[in-house]
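**Q** Structure in structure tokens, see below.
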Amino acid sequence: MDRVRKDERKNWFYSYNMIFNMDISCHAKLIYLYLCRCSDSEAKSFPSRNTIAKSCSISLTSVKNAIRELIKERLLKREEQFRSDGSQTSNLYTIFSEPYEL
């Protein structure tokens, strides 16, 4: 199991072909690809769900469902992030190139 990694950011990104062979929804595939696009060299990504919805032209409900699906399939880990005052900021997502082991 590897995290999706990028060494240099230009006007392109890559993802693994396995995403197209998985039995998951088209929204889950789209969100996976979008998070790959937003990720850093450590496979971390932290766009808000509203940003994801707007960028992918889908509803916020579809984003939430797709993220749950990717987590269930073990292609994505979500960590909640908080400000010093205790309020939540956007989530931190770690993207995997194949389902990670529990």
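As shown in the structure tokens, the chain order sets the letters A, B, ...; within each chain, residues go from 1, and ligands are also counted from 1 in the order they appear.
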Residues within 9 Å of Ile19 of chain A, please, as a list in words. Count only C-alpha atoms; anything in the same chain fewer than 6 positions from it doesn't count.

**A**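 The neighbour list is Lys29, Tyr32, Leu33, Ser97 and Glu98 of chain A.
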
**Q** Rank nothing, just name the residue among A:Trp12, A:Lys72, A:His27, A:Phe46 nearest to Pro99 of chain A, using only C-alpha atoms.

**A**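 Distance minimum relative to Pro99 of chain A lands on A:Lys72.
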
**Q** With only C-alpha atoms as the basis for distance, which of A:Ala53, A:Leu102, A:Met22, A:Cys38 is at the shortest distance from Arg74 of chain A?

**A**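 Counting only C-alpha atoms, the residue closest to Arg74 of chain A is A:Leu102.
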
**Q** In Å, rounded to a single decimal, give me how far atom CA of Tyr14 of chain A is from atom CA of Ala66 of chain A.

**A**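 So the two atoms, atom CA of Ala66 of chain A and atom CA of Tyr14 of chain A, lie 19.7 Å apart.
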